[in-house]
Number of protein chains: 2
Amino acid sequence: MVADLPSPREQVLRTALRLFTEQGYFNTSVHDIARMAQVSIGSIYHHFKDKEGIAKALFEQLVTRMGAAFDAIEDAHKTAHDRCHAVVELLFRMTEAEPAVMAYMLHAQHQEFMPGELPVCSSRPFTQMRAMATAGMDTGEMRRMDPLVAATCLFGGPIRMISLRLDGILKNPLPQYLDEVWSASWRSVTA
Amino acid sequence: MVADLPSPREQVLRTALRLFTEQGYFNTSVHDIARMAQVSIGSIYHHFKDKEGIAKALFEQLVTRMGAAFDAIEDAHKTAHDRCHAVVELLFRMTEAEPAVMAYMLHAQHQEFMPGELPVCSSRPFTQMRAMATAGMDTGEMRRMDPLVAATCLFGGPIRMISLRLDGILKNPLPQYLDEVWSASWRSVTA
DNA sequence: GTCTATATCCAGATAGAC
DNA sequence: GTCTATCTGGATATAGAC
């Protein structure tokens with residue numbers, strides 16, 4: 001038996017992720033994608049409505065993946081502290097393993113090429129993160145503060161680290177900063 | 001005596017800032033700028049080498065402005081605590097007063113349309129912020145940690161708040177969160 | 001479902017009069 | 001320095017055979 005080759009649809013999404021993050025959405029032509037994915041233009045337009053459709057499908061795929069990963073974290077850990085810590089650890093590891101995924105989720109200005117769509121930080125993974133923070137205040141693990149402020153204090157530093165890493169400012173892999181960053185973040189929200 | 005009308009160059013920069021942040025660089029044509037700035041295309045290309053030249057000039061102008069504002073803060077305050085606090089306060093006030101300026105500095109993926117330029121977070125204002133954090137460790141106001149981590153802990157939360165505000169997630173003006181956010185940030189870097 | 005060839009459009013940039 | 005008119009390339013998207 002023979003392993004299936006990746007479907008053209010998958011090939012296109014994979015290639016689009018790479019090119020969109022390396023060169024930007026607007027600097028990437030559909031021809032570029034076709035060429036690098038070894039698929040014809042016609043085939044792309046058969047599978048996707050238009051160029052924006054590629055970006056949307058890609059975004060949904062990644063949002064779903066991250067959402068599932070966060071669900072798993074909620075199952076595996078019960079305190080807000082452990083859940084939020086696990087989220088940051090996951091994000092840091094993912095940034096190293098699949099920088100393009102993180103870049104597409106964080107950096108891209110989706111509103112510019114997917115007009116009418118909600119901004120990234122309204123997507124489910126971000127909502128989940130905010131819910132975890134809020135839960136921590138309800139259980140008393142964290143001190144009472146504005147919910148959005150709480151989430152921002154917990155995750156703002158780590159997310160900023162990811163940006164610096166993606167921009168090449170941080171030379172070392174993120175996980176080695178995990179303890180230092182996390183203890184600072186947690187300290188900022190406890191009584 | 002009559003007030004000078006804004007020079008065409010200024011008009012173009014003003015308009016470009018507005019359109020680039022509202023619609024994005026690639027969704028804005030030079031014709032759009034010409035029309036809204038009430039200047040002819042030819043005139044634009046007389047003052048700027050090309051479209052990218054507009055973006056670069058705009059960026060330099062804003063970087064210079066922020067750099068000067070930060071210099072003033074360094075003059076007016078002597079401790080790292082007071083300086084960093086003043087920076088966050090300034091950024092929060094600026095986000096409300098001139099959201100487009102903050103959006104262009106923070107949100108825009110400049111690498112996409114100014115290839116070869118250094119990323120935003122290598123620009124002087126960001127360097128100044130990191131230097132202030134480092135100074136705070138030297139004076140003993142802050143505990144010792146990796147310099148980049150320290151800066152990120154101090155400013156990552158506030159910057160994230162600005163993003164949320166620019167994206168319309170935060171409904172209230174930033175200054176009203178200043179105390180809560182700042183005390184959390186500072187707490188995260190002190191012994 | 002996949003391909004090639006092509007239509008259509010519009011952006012960036014220039015020429016050259018005033 | 002400013003303007004209008006124009007050139008030109010390249011992008012998105014489609015047509016229609018296989």
# chains A, B, ... in the order shown; residues from 1 in each chain; ligands from 1
>>> closest_atom_pairs(of="chain D", to="chain B", cutoff="9 Å", atoms="only C-alpha atoms (C1' of nucleotides)", output="Markdown table")
| residue | atom | partner | partner_atom | distance |
| --- | --- | --- | --- | --- |
| D:DG1 | C1' | B:Ser43 | CA | 7.4 |
| D:DT2 | C1' | B:Ser43 | CA | 5.9 |
| D:DC3 | C1' | B:Ser40 | CA | 6.6 |
| D:DT4 | C1' | B:Gly42 | CA | 8.9 |
>>> closest_atom_pairs(of="chain B", to="chain A", cutoff="7 Å", atoms="only C-alpha atoms", output="tab-separated table")
residue	atom	partner	partner_atom	distance
B:Gln23	CA	A:Glu112	CA	6.4
B:Gly24	CA	A:Glu112	CA	5.7
B:Phe26	CA	A:Phe26	CA	6.8
B:Glu112	CA	A:Gly24	CA	5.7
B:Pro119	CA	A:Asp167	CA	6.9
B:Val149	CA	A:Val181	CA	6.7
B:Thr152	CA	A:Gly157	CA	5.5
B:Cys153	CA	A:Gly157	CA	5.1
B:Gly156	CA	A:Gly157	CA	4.3
B:Gly157	CA	A:Gly156	CA	4.3
B:Arg160	CA	A:Gly156	CA	5.4
B:Met161	CA	A:Thr152	CA	6.6
B:Asp167	CA	A:Pro119	CA	6.9
B:Val181	CA	A:Val149	CA	6.7
B:Ala184	CA	A:Ser188	CA	4.5
B:Ser185	CA	A:Ser188	CA	6.1
B:Arg187	CA	A:Ser188	CA	5.4
B:Ser188	CA	A:Ala184	CA	4.5
B:Val189	CA	A:Ala184	CA	6.4
>>> calpha_fit_and_write(fixed="chain B", moving="chain A", output="PDB file with C-alpha atoms, in the first residue's frame")
ATOM      1  CA  MET A   1      -0.411  87.910   7.360  1.00  0.00           C
ATOM      2  CA  VAL A   2      -1.781  84.588   6.224  1.00  0.00           C
ATOM      3  CA  ALA A   3      -1.171  81.171   7.700  1.00  0.00           C
ATOM      4  CA  ASP A   4       0.737  78.982   5.279  1.00  0.00           C
ATOM      5  CA  LEU A   5      -1.242  76.159   3.857  1.00  0.00           C
ATOM      6  CA  PRO A   6       0.320  72.818   4.586  1.00  0.00           C
ATOM      7  CA  SER A   7       2.928  71.978   1.973  1.00  0.00           C
ATOM      8  CA  PRO A   8       1.984  69.305  -0.542  1.00  0.00           C
ATOM      9  CA  ARG A   9       4.568  67.045   1.015  1.00  0.00           C
ATOM     10  CA  GLU A  10       2.929  67.366   4.412  1.00  0.00           C
ATOM     11  CA  GLN A  11      -0.504  66.913   2.908  1.00  0.00           C
ATOM     12  CA  VAL A  12       0.584  63.709   1.232  1.00  0.00           C
ATOM     13  CA  LEU A  13       2.131  62.300   4.390  1.00  0.00           C
ATOM     14  CA  ARG A  14      -0.928  63.154   6.425  1.00  0.00           C
ATOM     15  CA  THR A  15      -3.229  61.516   3.921  1.00  0.00           C
ATOM     16  CA  ALA A  16      -1.013  58.495   3.485  1.00  0.00           C
ATOM     17  CA  LEU A  17      -0.973  57.891   7.220  1.00  0.00           C
ATOM     18  CA  ARG A  18      -4.722  57.946   7.293  1.00  0.00           C
ATOM     19  CA  LEU A  19      -5.261  55.702   4.281  1.00  0.00           C
ATOM     20  CA  PHE A  20      -2.462  53.256   5.077  1.00  0.00           C
ATOM     21  CA  THR A  21      -3.854  52.640   8.527  1.00  0.00           C
ATOM     22  CA  GLU A  22      -7.520  52.600   7.534  1.00  0.00           C
ATOM     23  CA  GLN A  23      -7.240  50.399   4.476  1.00  0.00           C
ATOM     24  CA  GLY A  24      -3.709  49.105   4.480  1.00  0.00           C
ATOM     25  CA  TYR A  25      -0.744  49.993   2.325  1.00  0.00           C
ATOM     26  CA  PHE A  26      -1.561  47.621  -0.500  1.00  0.00           C
ATOM     27  CA  ASN A  27      -5.206  48.576  -0.630  1.00  0.00           C
ATOM     28  CA  THR A  28      -4.253  52.201  -1.063  1.00  0.00           C
ATOM     29  CA  SER A  29      -3.308  53.388  -4.532  1.00  0.00           C
ATOM     30  CA  VAL A  30      -1.212  56.440  -5.176  1.00  0.00           C
ATOM     31  CA  HIS A  31      -4.250  57.809  -6.976  1.00  0.00           C
ATOM     32  CA  ASP A  32      -6.266  57.472  -3.757  1.00  0.00           C
ATOM     33  CA  ILE A  33      -3.665  59.515  -1.930  1.00  0.00           C
ATOM     34  CA  ALA A  34      -3.532  62.123  -4.671  1.00  0.00           C
ATOM     35  CA  ARG A  35      -7.285  62.515  -4.725  1.00  0.00           C
ATOM     36  CA  MET A  36      -7.764  62.793  -0.980  1.00  0.00           C
ATOM     37  CA  ALA A  37      -4.723  65.011  -0.474  1.00  0.00           C
ATOM     38  CA  GLN A  38      -5.917  67.229  -3.328  1.00  0.00           C
ATOM     39  CA  VAL A  39      -2.582  66.965  -5.033  1.00  0.00           C
ATOM     40  CA  SER A  40      -1.816  65.624  -8.455  1.00  0.00           C
ATOM     41  CA  ILE A  41      -0.081  62.345  -9.099  1.00  0.00           C
ATOM     42  CA  GLY A  42       2.748  64.129 -10.842  1.00  0.00           C
ATOM     43  CA  SER A  43       3.327  66.243  -7.784  1.00  0.00           C
ATOM     44  CA  ILE A  44       3.557  63.186  -5.572  1.00  0.00           C
ATOM     45  CA  TYR A  45       6.140  61.590  -7.794  1.00  0.00           C
ATOM     46  CA  HIS A  46       8.044  64.839  -7.823  1.00  0.00           C
ATOM     47  CA  HIS A  47       8.324  64.825  -4.024  1.00  0.00           C
ATOM     48  CA  PHE A  48       8.733  61.108  -3.468  1.00  0.00           C
ATOM     49  CA  LYS A  49      10.700  58.558  -5.409  1.00  0.00           C
ATOM     50  CA  ASP A  50       7.877  56.056  -5.427  1.00  0.00           C
ATOM     51  CA  LYS A  51       5.064  54.692  -3.301  1.00  0.00           C
ATOM     52  CA  GLU A  52       7.485  52.982  -0.960  1.00  0.00           C
ATOM     53  CA  GLY A  53       9.227  56.322  -0.560  1.00  0.00           C
ATOM     54  CA  ILE A  54       6.042  57.759   0.917  1.00  0.00           C
ATOM     55  CA  ALA A  55       5.853  54.951   3.447  1.00  0.00           C
ATOM     56  CA  LYS A  56       9.494  55.383   4.387  1.00  0.00           C
ATOM     57  CA  ALA A  57       9.287  59.135   4.809  1.00  0.00           C
ATOM     58  CA  LEU A  58       6.212  58.710   6.948  1.00  0.00           C
ATOM     59  CA  PHE A  59       7.888  56.115   9.090  1.00  0.00           C
ATOM     60  CA  GLU A  60      10.960  58.254   9.639  1.00  0.00           C
ATOM     61  CA  GLN A  61       8.837  61.214  10.594  1.00  0.00           C
ATOM     62  CA  LEU A  62       6.961  59.258  13.226  1.00  0.00           C
ATOM     63  CA  VAL A  63      10.036  57.524  14.582  1.00  0.00           C
ATOM     64  CA  THR A  64      11.742  60.875  14.990  1.00  0.00           C
ATOM     65  CA  ARG A  65       8.737  62.315  16.767  1.00  0.00           C
ATOM     66  CA  MET A  66       8.486  59.447  19.208  1.00  0.00           C
ATOM     67  CA  GLY A  67      12.194  59.438  19.792  1.00  0.00           C
ATOM     68  CA  ALA A  68      12.062  63.112  20.716  1.00  0.00           C
ATOM     69  CA  ALA A  69       9.138  62.519  23.047  1.00  0.00           C
ATOM     70  CA  PHE A  70      11.099  59.774  24.783  1.00  0.00           C
ATOM     71  CA  ASP A  71      14.116  62.054  25.074  1.00  0.00           C
ATOM     72  CA  ALA A  72      11.916  64.587  26.824  1.00  0.00           C
ATOM     73  CA  ILE A  73      10.767  61.896  29.217  1.00  0.00           C
ATOM     74  CA  GLU A  74      14.338  60.968  30.042  1.00  0.00           C
ATOM     75  CA  ASP A  75      15.007  64.615  30.837  1.00  0.00           C
ATOM     76  CA  ALA A  76      11.936  65.046  32.968  1.00  0.00           C
ATOM     77  CA  HIS A  77      12.262  61.885  35.041  1.00  0.00           C
ATOM     78  CA  LYS A  78      15.267  60.317  36.652  1.00  0.00           C
ATOM     79  CA  THR A  79      14.309  56.876  37.948  1.00  0.00           C
ATOM     80  CA  ALA A  80      13.619  53.934  35.677  1.00  0.00           C
ATOM     81  CA  HIS A  81      10.263  53.552  37.344  1.00  0.00           C
ATOM     82  CA  ASP A  82       9.171  57.094  36.566  1.00  0.00           C
ATOM     83  CA  ARG A  83      10.548  57.017  33.054  1.00  0.00           C
ATOM     84  CA  CYS A  84       8.888  53.762  32.100  1.00  0.00           C
ATOM     85  CA  HIS A  85       5.655  54.843  33.677  1.00  0.00           C
ATOM     86  CA  ALA A  86       5.764  58.078  31.717  1.00  0.00           C
ATOM     87  CA  VAL A  87       6.386  56.142  28.513  1.00  0.00           C
ATOM     88  CA  VAL A  88       3.354  53.961  29.046  1.00  0.00           C
ATOM     89  CA  GLU A  89       1.243  56.966  29.912  1.00  0.00           C
ATOM     90  CA  LEU A  90       2.404  58.758  26.776  1.00  0.00           C
ATOM     91  CA  LEU A  91       1.678  55.753  24.591  1.00  0.00           C
ATOM     92  CA  PHE A  92      -1.798  55.389  26.063  1.00  0.00           C
ATOM     93  CA  ARG A  93      -2.614  59.047  25.561  1.00  0.00           C
ATOM     94  CA  MET A  94      -1.223  59.018  22.067  1.00  0.00           C
ATOM     95  CA  THR A  95      -3.310  56.016  21.146  1.00  0.00           C
ATOM     96  CA  GLU A  96      -6.429  57.998  21.956  1.00  0.00           C
ATOM     97  CA  ALA A  97      -5.278  61.276  20.450  1.00  0.00           C
ATOM     98  CA  GLU A  98      -3.711  59.898  17.293  1.00  0.00           C
ATOM     99  CA  PRO A  99      -4.678  56.276  16.820  1.00  0.00           C
ATOM    100  CA  ALA A 100      -3.367  56.275  13.278  1.00  0.00           C
ATOM    101  CA  VAL A 101       0.123  57.120  14.465  1.00  0.00           C
ATOM    102  CA  MET A 102       0.172  54.258  16.919  1.00  0.00           C
ATOM    103  CA  ALA A 103      -1.374  51.903  14.399  1.00  0.00           C
ATOM    104  CA  TYR A 104       1.249  52.733  11.815  1.00  0.00           C
ATOM    105  CA  MET A 105       4.056  52.238  14.315  1.00  0.00           C
ATOM    106  CA  LEU A 106       2.769  49.048  15.887  1.00  0.00           C
ATOM    107  CA  HIS A 107       0.437  47.211  13.607  1.00  0.00           C
ATOM    108  CA  ALA A 108       1.808  47.681  10.156  1.00  0.00           C
ATOM    109  CA  GLN A 109       3.949  44.897   8.802  1.00  0.00           C
ATOM    110  CA  HIS A 110       6.563  47.221   7.426  1.00  0.00           C
ATOM    111  CA  GLN A 111       8.793  44.479   6.163  1.00  0.00           C
ATOM    112  CA  GLU A 112       6.155  43.621   3.627  1.00  0.00           C
ATOM    113  CA  PHE A 113       6.221  46.969   1.913  1.00  0.00           C
ATOM    114  CA  MET A 114       9.613  48.315   2.916  1.00  0.00           C
ATOM    115  CA  PRO A 115      11.800  45.312   2.222  1.00  0.00           C
ATOM    116  CA  GLY A 116      15.346  45.650   3.400  1.00  0.00           C
ATOM    117  CA  GLU A 117      14.385  47.999   6.205  1.00  0.00           C
ATOM    118  CA  LEU A 118      14.865  46.877   9.772  1.00  0.00           C
ATOM    119  CA  PRO A 119      11.756  45.711  11.623  1.00  0.00           C
ATOM    120  CA  VAL A 120       9.880  48.299  13.659  1.00  0.00           C
ATOM    121  CA  CYS A 121      11.086  46.958  16.960  1.00  0.00           C
ATOM    122  CA  SER A 122      14.655  47.730  15.949  1.00  0.00           C
ATOM    123  CA  SER A 123      13.836  51.417  15.597  1.00  0.00           C
ATOM    124  CA  ARG A 124      15.085  53.981  18.051  1.00  0.00           C
ATOM    125  CA  PRO A 125      11.981  54.378  20.211  1.00  0.00           C
ATOM    126  CA  PHE A 126      11.933  50.664  20.889  1.00  0.00           C
ATOM    127  CA  THR A 127      15.626  50.665  21.614  1.00  0.00           C
ATOM    128  CA  GLN A 128      15.114  53.523  24.047  1.00  0.00           C
ATOM    129  CA  MET A 129      12.431  51.585  25.870  1.00  0.00           C
ATOM    130  CA  ARG A 130      14.700  48.610  26.252  1.00  0.00           C
ATOM    131  CA  ALA A 131      17.512  50.830  27.502  1.00  0.00           C
ATOM    132  CA  MET A 132      15.241  52.291  30.175  1.00  0.00           C
ATOM    133  CA  ALA A 133      14.402  48.825  31.395  1.00  0.00           C
ATOM    134  CA  THR A 134      18.033  47.799  31.496  1.00  0.00           C
ATOM    135  CA  ALA A 135      18.907  50.933  33.455  1.00  0.00           C
ATOM    136  CA  GLY A 136      16.313  49.951  36.042  1.00  0.00           C
ATOM    137  CA  MET A 137      18.155  46.719  36.679  1.00  0.00           C
ATOM    138  CA  ASP A 138      21.478  48.531  36.992  1.00  0.00           C
ATOM    139  CA  THR A 139      20.115  50.869  39.659  1.00  0.00           C
ATOM    140  CA  GLY A 140      18.549  47.991  41.529  1.00  0.00           C
ATOM    141  CA  GLU A 141      15.002  49.222  41.083  1.00  0.00           C
ATOM    142  CA  MET A 142      14.219  46.073  39.165  1.00  0.00           C
ATOM    143  CA  ARG A 143      15.458  42.575  39.760  1.00  0.00           C
ATOM    144  CA  ARG A 144      18.073  41.080  37.465  1.00  0.00           C
ATOM    145  CA  MET A 145      16.770  39.280  34.462  1.00  0.00           C
ATOM    146  CA  ASP A 146      17.481  38.976  30.766  1.00  0.00           C
ATOM    147  CA  PRO A 147      17.309  42.527  29.377  1.00  0.00           C
ATOM    148  CA  LEU A 148      14.897  41.670  26.595  1.00  0.00           C
ATOM    149  CA  VAL A 149      12.715  39.740  28.983  1.00  0.00           C
ATOM    150  CA  ALA A 150      12.672  42.671  31.367  1.00  0.00           C
ATOM    151  CA  ALA A 151      11.595  45.126  28.678  1.00  0.00           C
ATOM    152  CA  THR A 152       8.983  42.699  27.478  1.00  0.00           C
ATOM    153  CA  CYS A 153       7.560  42.222  30.955  1.00  0.00           C
ATOM    154  CA  LEU A 154       7.340  45.964  31.464  1.00  0.00           C
ATOM    155  CA  PHE A 155       5.941  46.982  28.117  1.00  0.00           C
ATOM    156  CA  GLY A 156       4.421  43.817  26.666  1.00  0.00           C
ATOM    157  CA  GLY A 157       1.185  44.151  28.597  1.00  0.00           C
ATOM    158  CA  PRO A 158       0.702  47.835  27.794  1.00  0.00           C
ATOM    159  CA  ILE A 159       1.516  47.328  24.123  1.00  0.00           C
ATOM    160  CA  ARG A 160      -0.963  44.488  23.972  1.00  0.00           C
ATOM    161  CA  MET A 161      -3.582  46.791  25.481  1.00  0.00           C
ATOM    162  CA  ILE A 162      -2.895  49.274  22.723  1.00  0.00           C
ATOM    163  CA  SER A 163      -3.412  46.598  20.091  1.00  0.00           C
ATOM    164  CA  LEU A 164      -6.702  45.577  21.653  1.00  0.00           C
ATOM    165  CA  ARG A 165      -7.805  49.181  21.729  1.00  0.00           C
ATOM    166  CA  LEU A 166      -6.829  49.791  18.118  1.00  0.00           C
ATOM    167  CA  ASP A 167      -8.691  46.638  17.108  1.00  0.00           C
ATOM    168  CA  GLY A 168     -11.801  47.907  18.834  1.00  0.00           C
ATOM    169  CA  ILE A 169     -11.884  45.115  21.414  1.00  0.00           C
ATOM    170  CA  LEU A 170     -11.367  47.514  24.291  1.00  0.00           C
ATOM    171  CA  LYS A 171     -14.320  49.849  24.445  1.00  0.00           C
ATOM    172  CA  ASN A 172     -12.966  52.404  26.902  1.00  0.00           C
ATOM    173  CA  PRO A 173     -10.143  54.898  26.499  1.00  0.00           C
ATOM    174  CA  LEU A 174      -6.812  53.490  27.578  1.00  0.00           C
ATOM    175  CA  PRO A 175      -5.831  56.055  30.200  1.00  0.00           C
ATOM    176  CA  GLN A 176      -8.507  54.750  32.518  1.00  0.00           C
ATOM    177  CA  TYR A 177      -6.658  51.433  32.654  1.00  0.00           C
ATOM    178  CA  LEU A 178      -3.292  53.036  33.216  1.00  0.00           C
ATOM    179  CA  ASP A 179      -2.980  52.518  36.949  1.00  0.00           C
ATOM    180  CA  GLU A 180      -4.157  48.936  36.913  1.00  0.00           C
ATOM    181  CA  VAL A 181      -1.955  47.984  33.988  1.00  0.00           C
ATOM    182  CA  TRP A 182       1.108  49.802  35.185  1.00  0.00           C
ATOM    183  CA  SER A 183       1.014  48.439  38.687  1.00  0.00           C
ATOM    184  CA  ALA A 184       0.759  44.934  37.281  1.00  0.00           C
ATOM    185  CA  SER A 185       3.661  45.505  34.883  1.00  0.00           C
ATOM    186  CA  TRP A 186       5.869  47.008  37.553  1.00  0.00           C
ATOM    187  CA  ARG A 187       5.034  44.281  39.990  1.00  0.00           C
ATOM    188  CA  SER A 188       6.225  41.727  37.453  1.00  0.00           C
ATOM    189  CA  VAL A 189       9.773  43.097  37.365  1.00  0.00           C
ATOM    190  CA  THR A 190      10.431  44.010  40.978  1.00  0.00           C
ATOM    191  CA  ALA A 191      11.996  41.714  43.512  1.00  0.00           C
TER     192      ALA A 191
END
>>> atom_distance(atom1="C1' of DA15 in chain D", atom2="C1' of DT6 in chain C")
8.1 Å
>>> interface_residues(of="chain C", to="chain A", cutoff="8 Å", atoms="only C-alpha atoms (C1' of nucleotides)", output="short mmCIF file (atom, residue, chain, number, x, y, z; two decimals) with N, CA and C atoms (P, O5', C5', C4', C3', O3' and C1' of nucleotides), in the first residue's frame")
data_model
loop_
_atom_site.label_atom_id
_atom_site.label_comp_id
_atom_site.auth_asym_id
_atom_site.auth_seq_id
_atom_site.Cartn_x
_atom_site.Cartn_y
_atom_site.Cartn_z
P DG C 1 -13.66 16.60 -6.40
"O5'" DG C 1 -12.42 16.51 -7.38
"C5'" DG C 1 -12.56 16.58 -8.85
"C4'" DG C 1 -11.18 16.38 -9.39
"C3'" DG C 1 -10.23 17.54 -9.10
"O3'" DG C 1 -8.90 17.04 -9.22
"C1'" DG C 1 -10.71 17.52 -11.39
P DT C 2 -7.67 17.88 -8.74
"O5'" DT C 2 -6.95 18.31 -10.09
"C5'" DT C 2 -6.44 17.29 -10.95
"C4'" DT C 2 -6.05 17.90 -12.27
"C3'" DT C 2 -5.24 19.20 -12.16
"O3'" DT C 2 -3.90 18.95 -12.53
"C1'" DT C 2 -6.89 19.30 -13.90
P DC C 3 -2.88 20.09 -12.57
"O5'" DC C 3 -3.06 20.67 -14.05
"C5'" DC C 3 -2.45 19.99 -15.14
"C4'" DC C 3 -2.93 20.60 -16.44
"C3'" DC C 3 -2.41 22.00 -16.71
"O3'" DC C 3 -1.18 21.92 -17.43
"C1'" DC C 3 -4.74 21.79 -17.27
#
>>> select_by_dssp(residues="range 23-135 of chain A", states="alpha helix (DSSP H)", output="ChimeraX atom specification")
/A:23,30-37,41-47,51-76,80-97,99-106,110-113,124-135
>>> residues_around(residues="DT8 in chain C", least_positions_apart="3", cutoff="12 Å", atoms="only C-alpha atoms (C1' of nucleotides)", output="JSON, numbers by chain")
{"D": [10, 11, 12, 13, 14]}
